[in-house]
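Undergrad: The structure file run-v7.cif (mmCIF, C-alpha atoms) is provided below.
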```cif
data_work
#
loop_
_atom_site.label_atom_id
_atom_site.label_comp_id
_atom_site.auth_asym_id
_atom_site.auth_seq_id
_atom_site.Cartn_x
_atom_site.Cartn_y
_atom_site.Cartn_z
CA MET A 15 -76.74 -17.66 -42.92
CA ASN A 16 -79.51 -17.03 -40.44
CA THR A 17 -82.27 -15.94 -42.77
CA ARG A 18 -83.72 -17.49 -45.84
CA SER A 19 -83.11 -14.37 -47.90
CA ALA A 20 -79.41 -14.61 -47.04
CA ASP A 21 -79.48 -18.16 -48.32
CA THR A 22 -81.11 -17.21 -51.57
CA THR A 23 -79.35 -13.94 -52.33
CA VAL A 24 -75.82 -13.13 -53.47
CA HIS A 25 -74.34 -9.64 -53.11
CA ALA A 26 -71.32 -8.08 -54.76
CA SER A 27 -70.17 -4.49 -55.08
CA ILE A 28 -67.25 -2.41 -56.26
CA VAL A 29 -66.25 1.25 -56.54
CA VAL A 30 -64.78 2.30 -59.86
CA ASP A 31 -62.95 5.42 -60.97
CA ALA A 32 -65.44 6.43 -63.63
CA PRO A 33 -68.33 8.89 -63.81
CA LEU A 34 -71.85 7.52 -63.32
CA ALA A 35 -72.94 7.68 -66.96
CA ARG A 36 -69.82 5.93 -68.20
CA ALA A 37 -70.02 3.30 -65.47
CA PHE A 38 -73.54 2.45 -66.60
CA GLU A 39 -72.70 2.55 -70.29
CA VAL A 40 -69.71 0.23 -70.02
CA PHE A 41 -71.54 -2.23 -67.77
CA THR A 42 -74.41 -2.62 -70.20
CA GLU A 43 -73.07 -1.97 -73.71
CA GLU A 44 -69.73 -3.69 -73.11
CA PHE A 45 -70.79 -6.55 -70.84
CA GLY A 46 -69.05 -9.06 -73.08
CA ARG A 47 -65.67 -7.41 -72.49
CA PHE A 48 -65.50 -8.39 -68.84
CA LYS A 49 -67.78 -11.39 -68.40
CA PRO A 50 -65.68 -14.43 -67.34
CA PRO A 51 -64.93 -16.36 -70.56
CA GLU A 52 -65.86 -19.77 -69.13
CA HIS A 53 -69.40 -18.53 -68.65
CA ASN A 54 -70.52 -19.90 -71.97
CA LEU A 55 -73.38 -22.30 -72.62
CA LEU A 56 -72.80 -22.37 -76.37
CA GLY A 57 -70.92 -25.27 -77.91
CA VAL A 58 -68.54 -22.85 -79.60
CA GLU A 59 -66.51 -19.78 -78.76
CA ILE A 60 -68.45 -16.55 -78.16
CA ALA A 61 -68.10 -13.98 -80.94
CA GLU A 62 -70.01 -11.26 -79.09
CA THR A 63 -72.28 -10.62 -76.14
CA VAL A 64 -75.22 -8.34 -76.88
CA PHE A 65 -77.14 -6.28 -74.31
CA GLU A 66 -80.41 -5.01 -75.78
CA PRO A 67 -80.95 -1.72 -73.92
CA ARG A 68 -84.69 -1.88 -73.28
CA VAL A 69 -87.23 -3.63 -71.08
CA GLY A 70 -88.11 -6.86 -72.85
CA GLY A 71 -84.71 -7.04 -74.50
CA HIS A 72 -82.18 -9.78 -73.84
CA LEU A 73 -78.61 -10.23 -72.83
CA TYR A 74 -77.31 -12.93 -75.13
CA ASP A 75 -74.16 -14.54 -76.44
CA ARG A 76 -73.62 -15.09 -80.14
CA GLY A 77 -71.21 -17.88 -81.04
CA VAL A 78 -68.68 -17.81 -83.85
CA ASP A 79 -70.98 -20.15 -85.81
CA GLY A 80 -73.96 -17.79 -85.47
CA SER A 81 -75.74 -19.76 -82.74
CA THR A 82 -77.14 -17.71 -79.87
CA CYS A 83 -77.75 -18.22 -76.18
CA HIS A 84 -80.29 -15.87 -74.58
CA TRP A 85 -79.53 -16.22 -70.90
CA ALA A 86 -81.02 -13.05 -69.39
CA ARG A 87 -84.06 -10.84 -69.98
CA VAL A 88 -84.05 -7.12 -69.26
CA LEU A 89 -86.76 -6.53 -66.63
CA VAL A 90 -85.92 -2.94 -65.64
CA TYR A 91 -83.85 -0.48 -67.64
CA GLU A 92 -83.29 2.89 -65.94
CA PRO A 93 -80.10 4.52 -67.21
CA PRO A 94 -77.83 5.57 -65.62
CA THR A 95 -78.74 4.21 -62.20
CA ARG A 96 -80.37 0.80 -62.36
CA VAL A 97 -81.01 -2.34 -64.35
CA VAL A 98 -82.70 -5.58 -63.36
CA LEU A 99 -82.28 -8.72 -65.40
CA SER A 100 -83.42 -12.29 -65.08
CA TRP A 101 -80.99 -15.19 -64.77
CA ASP A 102 -82.37 -17.84 -67.08
CA ILE A 103 -79.81 -20.52 -66.29
CA SER A 104 -80.85 -23.56 -64.28
CA PRO A 105 -78.76 -25.22 -61.56
CA THR A 106 -77.91 -27.87 -64.14
CA TRP A 107 -76.47 -25.13 -66.35
CA GLN A 108 -79.08 -25.21 -69.03
CA ILE A 109 -81.32 -22.42 -70.28
CA GLU A 110 -84.44 -22.25 -68.14
CA THR A 111 -87.46 -21.51 -70.32
CA ASP A 112 -89.99 -21.13 -67.49
CA PRO A 113 -89.71 -17.54 -66.17
CA ALA A 114 -91.22 -18.66 -62.85
CA LYS A 115 -88.10 -20.75 -62.27
CA THR A 116 -85.55 -18.00 -62.86
CA SER A 117 -83.78 -15.70 -60.41
CA GLU A 118 -83.05 -12.03 -61.00
CA TRP A 119 -80.10 -9.71 -60.59
CA GLU A 120 -80.26 -6.01 -59.96
CA VAL A 121 -77.38 -3.66 -60.65
CA ARG A 122 -77.43 -0.24 -59.00
CA PHE A 123 -75.09 2.61 -59.93
CA THR A 124 -74.51 5.39 -57.39
CA ALA A 125 -72.25 8.42 -57.89
CA GLU A 126 -69.83 8.76 -54.97
CA THR A 127 -68.18 11.77 -56.58
CA ASP A 128 -68.19 13.15 -60.14
CA ASP A 129 -65.51 10.61 -61.03
CA ARG A 130 -66.29 7.66 -58.80
CA THR A 131 -69.22 5.31 -58.97
CA ARG A 132 -70.36 2.51 -56.69
CA VAL A 133 -71.76 -0.51 -58.49
CA GLU A 134 -73.82 -2.92 -56.41
CA ILE A 135 -75.23 -6.24 -57.54
CA GLU A 136 -77.95 -8.19 -55.81
CA HIS A 137 -78.69 -11.59 -57.29
CA ARG A 138 -81.85 -12.76 -55.57
CA HIS A 139 -84.62 -15.35 -55.51
CA LEU A 140 -82.17 -18.15 -56.21
CA ASP A 141 -84.72 -20.49 -54.66
CA ARG A 142 -86.98 -20.00 -57.67
CA HIS A 143 -84.63 -22.23 -59.64
CA GLY A 144 -86.06 -25.34 -58.07
CA ASP A 145 -89.33 -26.53 -56.65
CA GLY A 146 -89.03 -27.59 -53.05
CA TRP A 147 -85.68 -26.00 -52.37
CA GLU A 148 -86.94 -24.18 -49.32
CA GLY A 149 -88.47 -27.34 -47.96
CA VAL A 150 -85.17 -29.09 -48.30
CA ARG A 151 -83.29 -26.29 -46.60
CA GLU A 152 -85.63 -26.53 -43.64
CA GLY A 153 -85.75 -30.28 -43.72
CA VAL A 154 -83.62 -32.92 -42.15
CA ALA A 155 -79.95 -33.14 -42.91
CA GLY A 156 -80.31 -36.84 -43.62
CA GLY A 157 -80.11 -38.53 -46.97
CA GLU A 158 -83.79 -38.27 -47.82
CA GLY A 159 -84.28 -34.50 -48.15
CA TRP A 160 -81.87 -33.61 -50.88
CA PRO A 161 -82.32 -36.69 -53.11
CA LEU A 162 -86.06 -36.24 -52.79
CA TYR A 163 -85.83 -32.63 -53.87
CA LEU A 164 -83.53 -33.43 -56.76
CA GLU A 165 -85.86 -36.17 -57.85
CA ARG A 166 -88.69 -33.65 -58.05
CA TYR A 167 -86.43 -31.25 -59.82
CA ALA A 168 -85.46 -33.91 -62.33
CA GLY A 169 -89.14 -34.63 -62.80
CA VAL A 170 -89.76 -31.03 -63.67
CA LEU A 171 -86.91 -31.12 -66.17
CA ALA A 172 -88.10 -34.36 -67.71
CA GLY A 173 -91.66 -33.07 -67.93
CA ARG A 174 -90.74 -30.46 -70.51
CA MET B 18 -65.81 -26.33 -49.55
CA GLU B 19 -63.00 -25.55 -51.94
CA THR B 20 -63.85 -25.87 -55.60
CA ASP B 21 -62.14 -24.59 -58.68
CA ALA B 22 -63.75 -21.36 -59.88
CA THR B 23 -64.70 -22.87 -63.21
CA SER B 24 -65.70 -26.33 -62.04
CA GLY B 25 -69.34 -25.60 -61.33
CA TRP B 26 -69.94 -24.02 -64.70
CA THR B 27 -68.06 -26.59 -66.68
CA ALA B 28 -68.90 -29.77 -64.76
CA LEU B 29 -72.41 -29.99 -66.15
CA GLY B 30 -71.56 -28.46 -69.52
CA ASP B 31 -70.52 -31.92 -70.68
CA PRO B 32 -73.55 -33.96 -71.85
CA THR B 33 -72.23 -37.24 -70.42
CA ARG B 34 -71.60 -35.67 -67.03
CA ARG B 35 -75.04 -34.11 -67.11
CA ALA B 36 -76.53 -37.53 -67.86
CA ILE B 37 -74.56 -39.11 -65.01
CA PHE B 38 -75.67 -36.36 -62.65
CA GLU B 39 -79.29 -36.78 -63.64
CA TRP B 40 -79.10 -40.55 -63.06
CA LEU B 41 -77.74 -39.80 -59.58
CA VAL B 42 -80.49 -37.26 -59.00
CA ASP B 43 -82.86 -40.14 -59.65
CA ARG B 44 -81.23 -42.22 -56.90
CA PRO B 45 -77.78 -43.24 -55.58
CA ARG B 46 -75.95 -45.66 -57.85
CA ALA B 47 -72.68 -47.57 -58.10
CA VAL B 48 -70.13 -46.86 -60.85
CA GLY B 49 -70.90 -50.11 -62.66
CA GLU B 50 -74.58 -49.28 -62.74
CA LEU B 51 -73.86 -45.84 -64.17
CA ALA B 52 -71.57 -47.35 -66.82
CA ALA B 53 -74.51 -49.44 -68.03
CA LEU B 54 -76.68 -46.34 -68.33
CA VAL B 55 -74.40 -44.05 -70.34
CA PRO B 56 -72.56 -44.87 -73.56
CA VAL B 57 -69.03 -44.55 -72.18
CA SER B 58 -66.61 -46.97 -70.49
CA ARG B 59 -66.44 -47.56 -66.78
CA PRO B 60 -63.07 -45.76 -66.41
CA ALA B 61 -64.58 -42.80 -68.26
CA VAL B 62 -67.54 -42.81 -65.86
CA SER B 63 -65.08 -42.74 -62.96
CA GLN B 64 -63.32 -39.75 -64.48
CA HIS B 65 -66.62 -37.89 -64.92
CA LEU B 66 -67.57 -38.70 -61.32
CA LYS B 67 -64.26 -37.25 -60.17
CA VAL B 68 -65.07 -33.96 -61.90
CA LEU B 69 -68.61 -33.89 -60.50
CA LYS B 70 -67.26 -34.64 -57.04
CA ARG B 71 -64.70 -31.85 -57.29
CA ALA B 72 -67.49 -29.48 -58.31
CA GLY B 73 -69.41 -30.45 -55.16
CA LEU B 74 -72.28 -31.93 -57.15
CA VAL B 75 -71.92 -35.55 -56.13
CA ALA B 76 -70.50 -37.39 -53.13
CA ASP B 77 -69.74 -41.05 -52.53
CA ARG B 78 -69.64 -43.59 -49.75
CA GLN B 79 -68.37 -47.12 -49.45
CA ARG B 80 -71.02 -49.80 -49.12
CA GLY B 81 -69.41 -53.21 -48.75
CA ARG B 82 -67.18 -53.65 -51.79
CA GLN B 83 -69.00 -51.00 -53.78
CA ARG B 84 -68.63 -47.25 -53.89
CA ILE B 85 -72.04 -45.63 -54.10
CA TYR B 86 -72.41 -42.15 -55.57
CA HIS B 87 -75.24 -39.74 -54.79
CA ALA B 88 -76.19 -36.16 -55.64
CA ASP B 89 -74.56 -33.93 -53.05
CA GLN B 90 -76.51 -31.87 -50.57
CA GLU B 91 -74.06 -29.06 -51.21
CA GLY B 92 -75.12 -28.83 -54.86
CA LEU B 93 -77.16 -25.67 -54.60
CA ALA B 94 -74.78 -24.17 -52.06
CA ALA B 95 -72.19 -24.73 -54.76
CA LEU B 96 -74.41 -22.88 -57.22
CA ARG B 97 -74.58 -19.93 -54.85
CA ALA B 98 -70.83 -20.02 -54.31
CA ASP B 99 -70.37 -20.10 -58.08
CA LEU B 100 -72.59 -17.05 -58.55
CA ASP B 101 -70.67 -15.33 -55.78
CA ARG B 102 -67.41 -15.97 -57.60
CA PHE B 103 -68.96 -15.10 -60.94
CA TRP B 104 -70.03 -11.64 -59.78
CA ASN B 105 -66.79 -10.89 -57.98
CA ARG B 106 -64.74 -11.85 -61.01
CA THR B 107 -67.08 -9.97 -63.33
CA LEU B 108 -66.85 -6.80 -61.24
CA ALA B 109 -63.07 -7.02 -60.95
CA ALA B 110 -62.76 -7.35 -64.74
CA TYR B 111 -65.35 -4.61 -65.22
CA LYS B 112 -63.27 -2.25 -63.06
CA THR B 113 -60.28 -2.82 -65.33
CA VAL B 114 -62.32 -2.08 -68.45
CA VAL B 115 -64.25 0.93 -67.15
CA GLU B 116 -61.15 2.62 -65.76
CA GLN B 117 -59.31 2.49 -69.07
CA PRO B 118 -59.23 5.94 -70.64
CA PRO B 119 -61.78 5.90 -73.50
CA GLU B 120 -59.11 6.68 -76.14
CA GLU B 121 -57.28 3.43 -75.30
CA ARG B 122 -60.28 1.24 -75.94
#
```
Re-express the file's structure as structure tokens.
TA:
Amino acid sequence: MNTRSADTTVHASIVVDAPLARAFEVFTEEFGRFKPPEHNLLGVEIAETVFEPRVGGHLYDRGVDGSTCHWARVLVYEPPTRVVLSWDISPTWQIETDPAKTSEWEVRFTAETDDRTRVEIEHRHLDRHGDGWEGVREGVAGGEGWPLYLERYAGVLAGR
Amino acid sequence: METDATSGWTALGDPTRRAIFEWLVDRPRAVGELAALVPVSRPAVSQHLKVLKRAGLVADRQRGRQRIYHADQEGLAALRADLDRFWNRTLAAYKTVVEQPPEER
């Protein structure tokens, strides 16, 4: 972790035995089939996860009682090679309503052969989730930096 | 730091734990002080603190006869680690789904 971008970015990638178009289609239209089940901010079980395939659409969970949780916005939609979504979940695992305080994740699909596709995810700008995070990261390791940051963060939360 | 894959996501999903965490974000506090701030018993507060500690969100230190809890510096590192795990698990499960022949779906 020698650069700030490394600190505020998460990467993941995988190669799948599927053609490009299908790789894209399954990732978007069927996101709810493979998302880890504990990733659920609703108070009830998830009935379905919906990916609205357009810029301005949402990725959201619908609970068995009809409640919904819109936790990502579609920022870029370029089938079959690329999507960028926001991550509207705060570090305290609540929906973040201020877009300036959300991170984003890009998914890129690249054909390796006709039947194999590389899928790469970059989840970046994690620092946007909290005011002062960078300052804390550069600050002293002592007890004052982190509590101070969290206090400001809590203030932001309370101010809404 | 070893944490259970689900702990970060679930630790703050509980409203009482979230309240406890937010009181600790405010400033370090002892268990008894926290018990006075949230509507649950002191043993229950201790249990919640155990979960938060396991998730890397709070840490504690002994001060005299009291154990003082504070929000952990590793909190956001834990968030990043959680996202790391989230994406790796999501991609692994995705691979299983996308490689199923369409007729079996």
Undergrad: Using Å and a single decimal, report how far CA of Asp89 in chain B sits from CA of Ser63 in chain B.
TA: 16.3 Å
Undergrad: One decimal, in Å: what's the spacing between CA of His143 in chain A and CA of Val58 in chain A?
TA: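 CA of His143 in chain A sits 25.6 Å away from CA of Val58 in chain A.
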Undergrad: Distance limit 6 Å, atoms considered: only C-alpha atoms. Which chain B residues sit that close to chain A? Return them as a ChimeraX atom specification.
TA: /B:42-43,90,107,110-112,116
Undergrad: With only C-alpha atoms as the atoms that count, which of B:Ala53, B:Asp101, B:Ile85, B:Phe38 lies nearest to Gly73 in chain B?
TA: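 Going through B:Ala53, B:Asp101, B:Ile85, B:Phe38 one by one, the smallest distance to Gly73 in chain B is for B:Phe38.
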Undergrad: Go through B:Asn105, B:Pro60, B:Leu51, B:Pro45 one by one, measure the shortest atom-to-atom distance of each to Tyr86 in chain B using all atoms listed in the file, and give the residue with the smallest value.
TA: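 Closest residue, counting all atoms listed in the file: B:Pro45.
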Undergrad: Could you check the closest approach to Asp31 in chain B for each of B:Leu69, B:Leu108, B:Ala76, B:Ala47 and tell me which residue wins, using only C-alpha atoms?
TA: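 Using only C-alpha atoms, the shortest distance to Asp31 in chain B belongs to B:Leu69.
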Undergrad: Mind checking which residues fall within 8 Å of range 62-70 of chain A, counting all atoms listed in the file, ignoring those fewer than 5 positions away in the same chain, and posting them as a PyMOL selection string?
TA: chain A and resi 42-46+75-77+87-91
Undergrad: Under the rule that all atoms listed in the file are counted, which of A:Leu34, A:Val97, A:Cys83, A:Ile60 is the nearest residue to Ala125 in chain A?
TA: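 Of the candidates, the smallest distance to Ala125 in chain A is held by A:Leu34.
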